[in-house]
Amino acid sequence: MAETGLSGLTALLLADLAPAAVSVPLIAADCDAVDLLHRLRGLGYAGRVIVRCPPLPAPDLVERELSRHAAGLAINLVAGD
């Protein structure tokens, strides 16, 4: 498993790893899931995106909003402590 931030997410990295799925935080220190979704789309990624988040009062609303930015990428919101 490779771990990188927004600046380390490159076309070369995606080509080398060829992941079927990527896992991203809903909110991180330097970016959020929307930033990462736009970056992944721009790099031509077509796999599944797992968005990790704390328990939320309305996760379906968050998942819908993320799906709007995903432009066809499969999104799964996964809540954990």
# chains A, B, ... in the order shown; residues from 1 in each chain; ligands from 1
>>> select_by_dssp(residues="stretch 8-48 of chain A", states="helix (DSSP H, G or I)", output="ChimeraX atom specification")
/A:8,11-17,33-42
>>> write_last_selection(atoms="N, CA and C atoms", output="PDB file, in the first residue's frame")
ATOM      1  N   GLY A   8       1.904  14.503  -4.069  1.00  0.00           N
ATOM      2  CA  GLY A   8       2.571  13.283  -4.514  1.00  0.00           C
ATOM      3  C   GLY A   8       1.735  12.421  -5.440  1.00  0.00           C
ATOM      4  N   ALA A  11       0.401  11.066 -12.273  1.00  0.00           N
ATOM      5  CA  ALA A  11       0.041  10.072 -13.282  1.00  0.00           C
ATOM      6  C   ALA A  11       1.018   8.899 -13.241  1.00  0.00           C
ATOM      7  N   LEU A  12       2.296   9.188 -13.030  1.00  0.00           N
ATOM      8  CA  LEU A  12       3.303   8.129 -12.961  1.00  0.00           C
ATOM      9  C   LEU A  12       3.024   7.185 -11.793  1.00  0.00           C
ATOM     10  N   LEU A  13       2.686   7.739 -10.630  1.00  0.00           N
ATOM     11  CA  LEU A  13       2.379   6.906  -9.459  1.00  0.00           C
ATOM     12  C   LEU A  13       1.171   6.020  -9.744  1.00  0.00           C
ATOM     13  N   LEU A  14       0.118   6.598 -10.292  1.00  0.00           N
ATOM     14  CA  LEU A  14      -1.068   5.795 -10.615  1.00  0.00           C
ATOM     15  C   LEU A  14      -0.758   4.719 -11.643  1.00  0.00           C
ATOM     16  N   ALA A  15       0.061   5.040 -12.635  1.00  0.00           N
ATOM     17  CA  ALA A  15       0.427   4.043 -13.646  1.00  0.00           C
ATOM     18  C   ALA A  15       1.259   2.922 -13.038  1.00  0.00           C
ATOM     19  N   ASP A  16       2.186   3.280 -12.149  1.00  0.00           N
ATOM     20  CA  ASP A  16       3.036   2.266 -11.504  1.00  0.00           C
ATOM     21  C   ASP A  16       2.231   1.341 -10.599  1.00  0.00           C
ATOM     22  N   LEU A  17       1.312   1.916  -9.824  1.00  0.00           N
ATOM     23  CA  LEU A  17       0.551   1.124  -8.859  1.00  0.00           C
ATOM     24  C   LEU A  17      -0.679   0.460  -9.472  1.00  0.00           C
ATOM     25  N   ALA A  33     -11.367  15.540   0.301  1.00  0.00           N
ATOM     26  CA  ALA A  33     -11.737  14.521  -0.678  1.00  0.00           C
ATOM     27  C   ALA A  33     -12.116  15.134  -2.023  1.00  0.00           C
ATOM     28  N   VAL A  34     -12.738  16.298  -2.018  1.00  0.00           N
ATOM     29  CA  VAL A  34     -13.104  16.945  -3.285  1.00  0.00           C
ATOM     30  C   VAL A  34     -11.850  17.288  -4.084  1.00  0.00           C
ATOM     31  N   ASP A  35     -10.829  17.840  -3.417  1.00  0.00           N
ATOM     32  CA  ASP A  35      -9.553  18.126  -4.099  1.00  0.00           C
ATOM     33  C   ASP A  35      -8.982  16.854  -4.723  1.00  0.00           C
ATOM     34  N   LEU A  36      -8.990  15.787  -3.946  1.00  0.00           N
ATOM     35  CA  LEU A  36      -8.425  14.520  -4.420  1.00  0.00           C
ATOM     36  C   LEU A  36      -9.247  13.923  -5.560  1.00  0.00           C
ATOM     37  N   LEU A  37     -10.567  14.040  -5.489  1.00  0.00           N
ATOM     38  CA  LEU A  37     -11.411  13.534  -6.581  1.00  0.00           C
ATOM     39  C   LEU A  37     -11.118  14.277  -7.882  1.00  0.00           C
ATOM     40  N   HIS A  38     -10.995  15.586  -7.797  1.00  0.00           N
ATOM     41  CA  HIS A  38     -10.672  16.362  -8.999  1.00  0.00           C
ATOM     42  C   HIS A  38      -9.302  15.964  -9.548  1.00  0.00           C
ATOM     43  N   ARG A  39      -8.356  15.755  -8.662  1.00  0.00           N
ATOM     44  CA  ARG A  39      -7.003  15.359  -9.090  1.00  0.00           C
ATOM     45  C   ARG A  39      -7.029  13.985  -9.741  1.00  0.00           C
ATOM     46  N   LEU A  40      -7.721  13.028  -9.109  1.00  0.00           N
ATOM     47  CA  LEU A  40      -7.806  11.676  -9.666  1.00  0.00           C
ATOM     48  C   LEU A  40      -8.461  11.688 -11.047  1.00  0.00           C
ATOM     49  N   ARG A  41      -9.552  12.428 -11.187  1.00  0.00           N
ATOM     50  CA  ARG A  41     -10.218  12.540 -12.490  1.00  0.00           C
ATOM     51  C   ARG A  41      -9.285  13.144 -13.523  1.00  0.00           C
ATOM     52  N   GLY A  42      -8.573  14.193 -13.132  1.00  0.00           N
ATOM     53  CA  GLY A  42      -7.645  14.853 -14.045  1.00  0.00           C
ATOM     54  C   GLY A  42      -6.506  13.952 -14.493  1.00  0.00           C
TER      55      GLY A  42
END
>>> residues_around(residues="A:Leu56", least_positions_apart="4", cutoff="10 Å", atoms="only C-alpha atoms", output="count of residues only")
5
>>> atom_distance(atom1="atom CA of A:Asp32", atom2="atom CA of A:Asn76")
15.1 Å
>>> closest_residue(among="A:Asp30, A:Pro25, A:Leu77, A:Leu6", to="A:Pro59", atoms="only C-alpha atoms")
A:Leu77
>>> atom_distance(atom1="atom CA of A:Leu66", atom2="atom CA of A:Gly44")
17.4 Å
>>> atom_distance(atom1="atom CA of A:Val51", atom2="atom CA of A:Val24")
5.0 Å
